[in-house]
$ cat query_24.txt   # compact mmCIF, C-alpha atoms
# COMPACT_ATOMS: atom_id res chain seq x y z
CA MET A 1 0.00 0.00 0.00
CA LYS A 2 1.28 3.47 -0.82
CA VAL A 3 1.79 6.02 1.92
CA ASP A 4 -0.05 8.98 0.34
CA ARG A 5 -3.42 8.44 2.03
CA MET A 6 -1.84 7.71 5.40
CA GLN A 7 0.21 10.92 5.15
CA ALA A 8 -2.86 12.95 4.19
CA PHE A 9 -4.86 11.55 7.10
CA SER A 10 -2.00 12.16 9.54
CA ASP A 11 -1.46 15.73 8.35
CA GLY A 12 -5.16 16.39 8.89
CA VAL A 13 -4.97 15.11 12.47
CA TYR A 14 -1.99 17.34 13.25
CA ALA A 15 -3.71 20.37 11.69
CA ILE A 16 -6.89 19.82 13.73
CA LEU A 17 -4.90 19.27 16.93
CA ILE A 18 -2.96 22.52 16.57
CA THR A 19 -6.21 24.35 15.82
CA ILE A 20 -7.89 22.91 18.93
CA LEU A 21 -5.07 24.30 21.10
CA VAL A 22 -6.33 27.82 20.34
CA LEU A 23 -9.73 27.04 21.86
CA ASP A 24 -8.24 27.36 25.34
CA PHE A 25 -8.13 31.14 24.82
CA ASN A 26 -11.08 33.09 26.25
CA VAL A 27 -11.71 36.81 26.59
CA PRO A 28 -11.01 37.54 30.28
CA GLU A 29 -13.43 39.27 32.59
CA TYR A 30 -12.22 42.79 33.24
CA HIS A 31 -13.32 46.23 34.30
CA VAL A 32 -13.22 48.98 31.70
CA GLY A 33 -9.69 50.33 31.46
CA ASN A 34 -8.12 47.20 33.00
CA LEU A 35 -7.90 44.93 29.97
CA LEU A 36 -4.08 44.89 29.98
CA ALA A 37 -3.95 43.66 33.58
CA ALA A 38 -6.49 40.94 32.77
CA LEU A 39 -4.47 39.84 29.74
CA ILE A 40 -1.25 39.67 31.75
CA LYS A 41 -2.96 37.35 34.21
CA GLN A 42 -3.61 34.99 31.29
CA TRP A 43 0.12 34.47 30.63
CA PRO A 44 -0.12 30.77 31.64
CA THR A 45 -2.56 30.16 28.79
CA MET A 46 -0.16 31.69 26.27
CA PHE A 47 2.80 29.86 27.81
CA ALA A 48 1.07 26.46 27.59
CA TYR A 49 -0.13 27.18 24.05
CA VAL A 50 3.30 28.23 22.75
CA VAL A 51 5.03 25.22 24.33
CA SER A 52 2.48 22.75 22.93
CA PHE A 53 2.39 24.43 19.51
CA LEU A 54 6.18 24.21 19.19
CA TYR A 55 6.15 20.64 20.50
CA ILE A 56 3.41 19.39 18.18
CA GLY A 57 4.91 21.34 15.29
CA THR A 58 8.25 19.60 15.83
CA VAL A 59 6.59 16.18 16.12
CA TRP A 60 4.76 16.86 12.85
CA LEU A 61 8.07 17.77 11.16
CA PHE A 62 9.48 14.43 12.36
CA HIS A 63 6.45 12.56 11.08
CA HIS A 64 6.35 14.37 7.74
CA ASP A 65 10.05 13.95 6.94
CA PHE A 66 10.32 10.37 8.17
CA PHE A 67 7.41 9.23 6.03
CA GLN A 68 9.12 10.85 3.04
CA THR A 69 11.64 8.01 3.30
CA LEU A 70 8.92 5.38 2.87
CA LYS A 71 7.78 3.92 -0.42
CA PHE A 72 5.09 1.59 0.88
CA THR A 73 3.10 0.93 4.04
CA ASN A 74 1.36 -2.15 5.41
CA THR A 75 -1.23 -3.03 8.02
CA SER A 76 1.27 -3.13 10.90
CA LEU A 77 2.72 0.25 10.00
CA ASN A 78 -0.77 1.72 9.69
CA VAL A 79 -1.55 0.50 13.22
CA ILE A 80 1.70 1.97 14.57
CA ASN A 81 0.84 5.28 12.92
CA LEU A 82 -2.64 5.26 14.48
CA VAL A 83 -1.16 4.63 17.94
CA MET A 84 1.28 7.47 17.33
CA LEU A 85 -1.52 9.82 16.31
CA PHE A 86 -3.50 8.74 19.39
CA SER A 87 -0.55 9.64 21.61
CA VAL A 88 -0.17 13.05 19.98
CA THR A 89 -3.86 13.93 20.31
CA LEU A 90 -3.58 13.43 24.07
CA ILE A 91 -1.44 16.56 24.40
CA ASP A 92 -4.37 18.99 24.33
CA TYR A 93 -5.69 17.92 27.74
CA PRO A 94 -2.44 18.32 29.75
CA THR A 95 -1.91 21.64 27.96
CA ALA A 96 -5.20 22.86 29.45
CA LEU A 97 -4.28 21.38 32.85
CA VAL A 98 -0.92 23.17 32.90
CA SER A 99 -2.55 26.46 31.92
CA ASN A 100 -5.31 26.16 34.52
CA SER A 101 -3.02 25.06 37.36
CA LEU A 102 -0.56 27.90 36.70
CA ILE A 103 -3.41 30.42 36.80
CA ARG A 104 -4.64 29.03 40.13
CA GLY A 105 -1.11 28.78 41.53
CA ASN A 106 -1.62 25.68 43.68
CA VAL A 107 1.69 23.81 43.88
CA ALA A 108 0.15 20.33 44.23
CA ASP A 109 -2.08 20.88 41.19
CA MET A 110 0.83 22.28 39.17
CA ARG A 111 2.88 19.19 40.00
CA VAL A 112 0.12 16.86 38.81
CA ALA A 113 -0.42 18.87 35.60
CA PHE A 114 3.26 18.90 34.62
CA ILE A 115 3.71 15.20 35.41
CA TYR A 116 0.67 14.43 33.26
CA TYR A 117 2.23 16.45 30.41
CA ASP A 118 5.55 14.61 30.86
CA LEU A 119 3.81 11.23 30.74
CA VAL A 120 2.09 12.09 27.45
CA ALA A 121 5.36 13.37 25.98
CA LEU A 122 7.10 10.17 27.10
CA PHE A 123 4.34 8.10 25.47
CA ILE A 124 4.77 10.02 22.20
CA SER A 125 8.52 9.35 22.22
CA LEU A 126 7.91 5.65 22.81
CA THR A 127 5.65 5.47 19.76
CA PHE A 128 8.41 7.03 17.65
CA ALA A 129 10.90 4.49 19.00
CA TRP A 130 8.43 1.77 17.95
CA LEU A 131 8.09 3.31 14.48
CA TYR A 132 11.86 3.57 13.96
CA SER A 133 12.43 0.00 15.11
CA TYR A 134 9.69 -1.41 12.89
CA VAL A 135 10.79 0.34 9.70
CA ARG A 136 14.46 -0.47 10.37
CA HIS A 137 13.52 -4.16 10.40
CA HIS A 138 11.40 -3.83 7.25
CA PRO A 139 13.71 -2.19 4.68
CA GLU A 140 11.37 -3.23 1.86
CA LEU A 141 9.07 -0.35 2.90
CA THR A 142 11.67 2.38 2.38
CA GLN A 143 13.06 4.25 -0.59
CA MET A 144 16.58 3.97 0.84
CA LYS A 145 18.54 1.20 -0.85
CA LYS A 146 22.18 1.79 0.01
CA ASP A 147 22.44 3.95 3.10
CA GLN A 148 19.61 2.76 5.32
CA GLN A 149 21.83 1.43 8.12
CA HIS A 150 23.77 4.70 8.32
CA PHE A 151 20.49 6.62 8.44
CA TYR A 152 19.10 4.60 11.36
CA GLN A 153 22.44 4.57 13.13
CA ALA A 154 22.24 8.37 13.24
CA ILE A 155 18.68 8.58 14.62
CA LYS A 156 17.76 5.30 16.33
CA PHE A 157 18.56 6.45 19.88
CA ASP A 158 16.84 9.86 19.64
CA PRO A 159 13.41 8.69 20.89
CA ILE A 160 15.04 6.76 23.75
CA ARG A 161 17.02 9.81 24.81
CA SER A 162 13.84 11.89 24.86
CA VAL A 163 12.11 9.19 26.93
CA LEU A 164 14.96 9.48 29.45
CA ILE A 165 14.66 13.29 29.52
CA TYR A 166 10.91 13.15 30.18
CA GLY A 167 11.45 10.41 32.77
CA LEU A 168 13.94 12.68 34.56
CA ALA A 169 11.43 15.54 34.30
CA ILE A 170 8.79 13.41 36.05
CA VAL A 171 11.16 12.54 38.90
CA ALA A 172 12.43 16.12 39.19
CA THR A 173 8.90 17.55 39.34
CA PHE A 174 8.28 15.68 42.60
CA PHE A 175 11.07 17.75 44.16
CA SER A 176 10.96 20.98 42.15
CA ILE A 177 8.27 22.04 39.71
CA TRP A 178 10.58 24.54 38.04
CA LEU A 179 13.39 22.01 37.56
CA GLY A 180 10.84 19.61 36.10
CA THR A 181 9.55 22.36 33.80
CA PHE A 182 13.11 23.10 32.67
CA LEU A 183 13.66 19.44 31.79
CA LEU A 184 10.33 19.33 29.95
CA LEU A 185 11.35 22.32 27.86
CA ALA A 186 14.81 20.79 27.37
CA GLY A 187 13.09 17.69 25.99
CA ILE A 188 11.20 19.75 23.44
CA VAL A 189 14.39 21.58 22.40
CA TYR A 190 16.10 18.20 22.07
CA HIS A 191 13.27 17.05 19.80
CA PHE A 192 13.98 19.94 17.45
CA LEU A 193 17.72 19.27 17.41
CA ALA A 194 17.02 15.58 16.76
CA TYR A 195 14.70 16.60 13.91
CA LEU A 196 17.52 18.59 12.29
CA ARG A 197 19.74 15.50 12.54
CA LEU A 198 17.03 13.30 11.02
CA SER A 199 16.44 15.74 8.18
CA LYS A 200 20.14 15.91 7.36
CA SER A 201 20.57 12.12 7.49
CA MET A 202 17.44 11.62 5.41
CA ARG A 203 18.61 13.93 2.63
CA HIS A 204 21.96 12.16 2.50
CA ALA A 205 20.41 8.67 2.48
CA LEU A 206 17.91 9.51 -0.26
CA LYS A 207 20.61 11.17 -2.35
CA VAL A 208 22.85 8.10 -2.10
CA SER A 209 19.94 5.81 -2.99
CA LYS A 210 19.21 7.57 -6.29

$ encode --input "query_24.txt" --output "structure tokens"
Amino acid sequence: MKVDRMQAFSDGVYAILITILVLDFNVPEYHVGNLLAALIKQWPTMFAYVVSFLYIGTVWLFHHDFFQTLKFTNTSLNVINLVMLFSVTLIDYPTALVSNSLIRGNVADMRVAFIYYDLVALFISLTFAWLYSYVRHHPELTQMKKDQQHFYQAIKFDPIRSVLIYGLAIVATFFSIWLGTFLLLAGIVYHFLAYLRLSKSMRHALKVSK
């Protein structure tokens, strides 16, 4: 089976998910002349939105570029992709939890919200590790003929490293919410750096395979 329809479906899911993130924005209640103060109090909503937008955007870049290396798909890969999309769609709820808990300022609630977010991010990374492992063991699905092993050697540990970062973030959050938040953000930055490595390795592998 060709990958075109699966890519189109996946892109639609990502587009809808990013759009839904905006729905957490509401016009605040304010007295005339105090709109600025009311908007400033909504900084957690903007913070959570920006973090999740950048995170989901980076995950979509991963998904888009990786599937450019595939020539065919099969039932097992379709199932893996559905599980991956399921994991990604979970991010909207912890985004709202983080925003709401930061607005309320209760430390216990903030801890729960950030740990929930970390768990979803960890789950997403595990699905990518599953995807990489499956395709690496089924080279007949890819367009890469000569440089596949070099390509996977460059990227195969990236999802595992991100799992470790989010795992550390979960542990750290029990002791310090801000340290846990730092590690969560570090995980997202690492995702982007890993994406740049994947993109570079992919271009090289496809060029060699022509």

$ residues_around --input "query_24.txt" --residues "Ala121 of chain A" --least-positions-apart "3" --cutoff "10 Å" --atoms "all atoms listed in the file" --output "list in words"
Tyr55, Ser87, Val88, Leu90, Ile91, Pro94, Ile115, Tyr116, Tyr117, Asp118, Ile124, Ser125, Leu126, Ser162, Val163, Ile165, Tyr166, Gly167, Leu184, Gly187 and Ile188 of chain A

$ atom_distance --input "query_24.txt" --atom1 "atom CA of Thr19 of chain A" --atom2 "atom CA of Leu131 of chain A"
25.5 Å

$ closest_residue --input "query_24.txt" --among "A:Thr173, A:Thr127, A:Gln143, A:Asn100" --to "Leu82 of chain A" --atoms "all atoms listed in the file"
A:Thr127

$ residues_around --input "query_24.txt" --residues "Ile56 of chain A" --least-positions-apart "3" --cutoff "9 Å" --atoms "all atoms listed in the file" --output "PyMOL selection string"
chain A and resi 14+17-18+51-53+59-61+88+91

$ closest_residue --input "query_24.txt" --among "A:Ala154, A:Val171, A:Leu183, A:Ala8" --to "Leu196 of chain A" --atoms "all atoms listed in the file"
A:Ala154

$ atom_distance --input "query_24.txt" --atom1 "atom CA of Leu21 of chain A" --atom2 "atom CA of Ala48 of chain A"
9.2 Å

$ atom_distance --input "query_24.txt" --atom1 "atom CA of Phe114 of chain A" --atom2 "atom CA of Val98 of chain A"
6.2 Å

$ closest_residue --input "query_24.txt" --among "A:Ala38, A:Ala172, A:Met6, A:Ala96" --to "His64 of chain A" --atoms "only C-alpha atoms"
A:Met6

$ residues_near_point --input "query_24.txt" --point "(10.6, 13.7, 4.3)" --cutoff "10 Å" --atoms "all atoms listed in the file" --output "list in words"
Leu61, Phe62, His63, His64, Asp65, Phe66, Phe67, Gln68, Thr69, Leu70, Leu198, Ser199, Met202, Arg203 and Leu206 of chain A

$ write_last_selection --input "query_24.txt" --atoms "C-alpha atoms" --output "short mmCIF file (atom, residue, chain, number, x, y, z; two decimals), in the frame of the given file"
data_model
loop_
_atom_site.label_atom_id
_atom_site.label_comp_id
_atom_site.auth_asym_id
_atom_site.auth_seq_id
_atom_site.Cartn_x
_atom_site.Cartn_y
_atom_site.Cartn_z
CA LEU A 61 8.07 17.77 11.16
CA PHE A 62 9.48 14.43 12.36
CA HIS A 63 6.45 12.56 11.08
CA HIS A 64 6.35 14.37 7.74
CA ASP A 65 10.05 13.95 6.94
CA PHE A 66 10.32 10.37 8.17
CA PHE A 67 7.41 9.23 6.03
CA GLN A 68 9.12 10.85 3.04
CA THR A 69 11.64 8.01 3.30
CA LEU A 70 8.92 5.38 2.87
CA LEU A 198 17.03 13.30 11.02
CA SER A 199 16.44 15.74 8.18
CA MET A 202 17.44 11.62 5.41
CA ARG A 203 18.61 13.93 2.63
CA LEU A 206 17.91 9.51 -0.26
#

$ closest_residue --input "query_24.txt" --among "A:Arg111, A:Lys200, A:Arg5, A:Lys71" --to "Leu97 of chain A" --atoms "only C-alpha atoms"
A:Arg111

$ residues_around --input "query_24.txt" --residues "Thr75 of chain A" --least-positions-apart "5" --cutoff "12 Å" --atoms "only C-alpha atoms" --output "PyMOL selection string"
chain A and resi 1-3+6+80-82+141

$ decode --input "query_24.txt" --residues "segment 93-118 of chain A" --atoms "N, CA, C and O atoms" --output "PDB file, in the first residue's frame"
ATOM      1  N   TYR A  93      -5.157  17.924  26.374  1.00  0.00           N
ATOM      2  CA  TYR A  93      -5.686  17.920  27.742  1.00  0.00           C
ATOM      3  C   TYR A  93      -4.653  18.383  28.774  1.00  0.00           C
ATOM      4  O   TYR A  93      -4.938  19.279  29.581  1.00  0.00           O
ATOM      5  N   PRO A  94      -3.436  17.814  28.793  1.00  0.00           N
ATOM      6  CA  PRO A  94      -2.439  18.324  29.748  1.00  0.00           C
ATOM      7  C   PRO A  94      -2.044  19.769  29.491  1.00  0.00           C
ATOM      8  O   PRO A  94      -1.652  20.478  30.425  1.00  0.00           O
ATOM      9  N   THR A  95      -2.163  20.221  28.238  1.00  0.00           N
ATOM     10  CA  THR A  95      -1.911  21.636  27.961  1.00  0.00           C
ATOM     11  C   THR A  95      -2.891  22.504  28.737  1.00  0.00           C
ATOM     12  O   THR A  95      -2.507  23.499  29.375  1.00  0.00           O
ATOM     13  N   ALA A  96      -4.180  22.130  28.704  1.00  0.00           N
ATOM     14  CA  ALA A  96      -5.201  22.864  29.446  1.00  0.00           C
ATOM     15  C   ALA A  96      -4.976  22.747  30.955  1.00  0.00           C
ATOM     16  O   ALA A  96      -5.174  23.713  31.701  1.00  0.00           O
ATOM     17  N   LEU A  97      -4.540  21.567  31.420  1.00  0.00           N
ATOM     18  CA  LEU A  97      -4.281  21.378  32.849  1.00  0.00           C
ATOM     19  C   LEU A  97      -3.137  22.265  33.324  1.00  0.00           C
ATOM     20  O   LEU A  97      -3.217  22.883  34.400  1.00  0.00           O
ATOM     21  N   VAL A  98      -2.066  22.322  32.540  1.00  0.00           N
ATOM     22  CA  VAL A  98      -0.924  23.172  32.896  1.00  0.00           C
ATOM     23  C   VAL A  98      -1.347  24.633  32.963  1.00  0.00           C
ATOM     24  O   VAL A  98      -1.034  25.353  33.919  1.00  0.00           O
ATOM     25  N   SER A  99      -2.081  25.075  31.958  1.00  0.00           N
ATOM     26  CA  SER A  99      -2.552  26.456  31.922  1.00  0.00           C
ATOM     27  C   SER A  99      -3.414  26.776  33.141  1.00  0.00           C
ATOM     28  O   SER A  99      -3.198  27.780  33.835  1.00  0.00           O
ATOM     29  N   ASN A 100      -4.383  25.916  33.420  1.00  0.00           N
ATOM     30  CA  ASN A 100      -5.309  26.160  34.519  1.00  0.00           C
ATOM     31  C   ASN A 100      -4.611  26.129  35.876  1.00  0.00           C
ATOM     32  O   ASN A 100      -4.885  26.958  36.754  1.00  0.00           O
ATOM     33  N   SER A 101      -3.702  25.173  36.066  1.00  0.00           N
ATOM     34  CA  SER A 101      -3.019  25.057  37.359  1.00  0.00           C
ATOM     35  C   SER A 101      -2.071  26.226  37.608  1.00  0.00           C
ATOM     36  O   SER A 101      -1.923  26.682  38.753  1.00  0.00           O
ATOM     37  N   LEU A 102      -1.437  26.731  36.542  1.00  0.00           N
ATOM     38  CA  LEU A 102      -0.564  27.898  36.703  1.00  0.00           C
ATOM     39  C   LEU A 102      -1.368  29.140  37.064  1.00  0.00           C
ATOM     40  O   LEU A 102      -0.924  29.978  37.864  1.00  0.00           O
ATOM     41  N   ILE A 103      -2.551  29.270  36.487  1.00  0.00           N
ATOM     42  CA  ILE A 103      -3.414  30.417  36.802  1.00  0.00           C
ATOM     43  C   ILE A 103      -3.840  30.370  38.268  1.00  0.00           C
ATOM     44  O   ILE A 103      -3.819  31.384  38.976  1.00  0.00           O
ATOM     45  N   ARG A 104      -4.185  29.175  38.749  1.00  0.00           N
ATOM     46  CA  ARG A 104      -4.643  29.029  40.135  1.00  0.00           C
ATOM     47  C   ARG A 104      -3.488  29.089  41.133  1.00  0.00           C
ATOM     48  O   ARG A 104      -3.671  29.481  42.292  1.00  0.00           O
ATOM     49  N   GLY A 105      -2.294  28.654  40.696  1.00  0.00           N
ATOM     50  CA  GLY A 105      -1.114  28.783  41.530  1.00  0.00           C
ATOM     51  C   GLY A 105      -0.961  27.765  42.647  1.00  0.00           C
ATOM     52  O   GLY A 105      -0.110  27.925  43.516  1.00  0.00           O
ATOM     53  N   ASN A 106      -1.754  26.704  42.652  1.00  0.00           N
ATOM     54  CA  ASN A 106      -1.622  25.682  43.676  1.00  0.00           C
ATOM     55  C   ASN A 106      -0.488  24.726  43.302  1.00  0.00           C
ATOM     56  O   ASN A 106      -0.500  24.126  42.226  1.00  0.00           O
ATOM     57  N   VAL A 107       0.491  24.585  44.182  1.00  0.00           N
ATOM     58  CA  VAL A 107       1.689  23.810  43.876  1.00  0.00           C
ATOM     59  C   VAL A 107       1.365  22.340  43.598  1.00  0.00           C
ATOM     60  O   VAL A 107       1.896  21.735  42.661  1.00  0.00           O
ATOM     61  N   ALA A 108       0.498  21.749  44.414  1.00  0.00           N
ATOM     62  CA  ALA A 108       0.151  20.335  44.226  1.00  0.00           C
ATOM     63  C   ALA A 108      -0.505  20.110  42.867  1.00  0.00           C
ATOM     64  O   ALA A 108      -0.192  19.133  42.164  1.00  0.00           O
ATOM     65  N   ASP A 109      -1.405  21.003  42.479  1.00  0.00           N
ATOM     66  CA  ASP A 109      -2.077  20.880  41.187  1.00  0.00           C
ATOM     67  C   ASP A 109      -1.097  21.086  40.033  1.00  0.00           C
ATOM     68  O   ASP A 109      -1.167  20.394  39.008  1.00  0.00           O
ATOM     69  N   MET A 110      -0.185  22.043  40.193  1.00  0.00           N
ATOM     70  CA  MET A 110       0.831  22.277  39.166  1.00  0.00           C
ATOM     71  C   MET A 110       1.703  21.045  38.976  1.00  0.00           C
ATOM     72  O   MET A 110       2.030  20.659  37.847  1.00  0.00           O
ATOM     73  N   ARG A 111       2.045  20.403  40.075  1.00  0.00           N
ATOM     74  CA  ARG A 111       2.881  19.194  39.999  1.00  0.00           C
ATOM     75  C   ARG A 111       2.156  18.101  39.216  1.00  0.00           C
ATOM     76  O   ARG A 111       2.738  17.460  38.336  1.00  0.00           O
ATOM     77  N   VAL A 112       0.906  17.882  39.520  1.00  0.00           N
ATOM     78  CA  VAL A 112       0.121  16.860  38.811  1.00  0.00           C
ATOM     79  C   VAL A 112       0.015  17.192  37.324  1.00  0.00           C
ATOM     80  O   VAL A 112       0.182  16.319  36.459  1.00  0.00           O
ATOM     81  N   ALA A 113      -0.247  18.459  36.991  1.00  0.00           N
ATOM     82  CA  ALA A 113      -0.417  18.871  35.596  1.00  0.00           C
ATOM     83  C   ALA A 113       0.859  18.652  34.790  1.00  0.00           C
ATOM     84  O   ALA A 113       0.822  18.122  33.665  1.00  0.00           O
ATOM     85  N   PHE A 114       2.000  19.046  35.356  1.00  0.00           N
ATOM     86  CA  PHE A 114       3.263  18.897  34.623  1.00  0.00           C
ATOM     87  C   PHE A 114       3.660  17.428  34.486  1.00  0.00           C
ATOM     88  O   PHE A 114       4.199  17.016  33.444  1.00  0.00           O
ATOM     89  N   ILE A 115       3.408  16.627  35.516  1.00  0.00           N
ATOM     90  CA  ILE A 115       3.713  15.199  35.411  1.00  0.00           C
ATOM     91  C   ILE A 115       2.830  14.546  34.345  1.00  0.00           C
ATOM     92  O   ILE A 115       3.289  13.692  33.568  1.00  0.00           O
ATOM     93  N   TYR A 116       1.572  14.936  34.296  1.00  0.00           N
ATOM     94  CA  TYR A 116       0.666  14.428  33.259  1.00  0.00           C
ATOM     95  C   TYR A 116       1.220  14.769  31.870  1.00  0.00           C
ATOM     96  O   TYR A 116       1.255  13.916  30.971  1.00  0.00           O
ATOM     97  N   TYR A 117       1.668  16.014  31.694  1.00  0.00           N
ATOM     98  CA  TYR A 117       2.228  16.450  30.412  1.00  0.00           C
ATOM     99  C   TYR A 117       3.462  15.608  30.082  1.00  0.00           C
ATOM    100  O   TYR A 117       3.637  15.139  28.945  1.00  0.00           O
ATOM    101  N   ASP A 118       4.345  15.413  31.074  1.00  0.00           N
ATOM    102  CA  ASP A 118       5.553  14.614  30.862  1.00  0.00           C
ATOM    103  C   ASP A 118       5.221  13.190  30.437  1.00  0.00           C
ATOM    104  O   ASP A 118       5.887  12.615  29.573  1.00  0.00           O
TER     105      ASP A 118
END
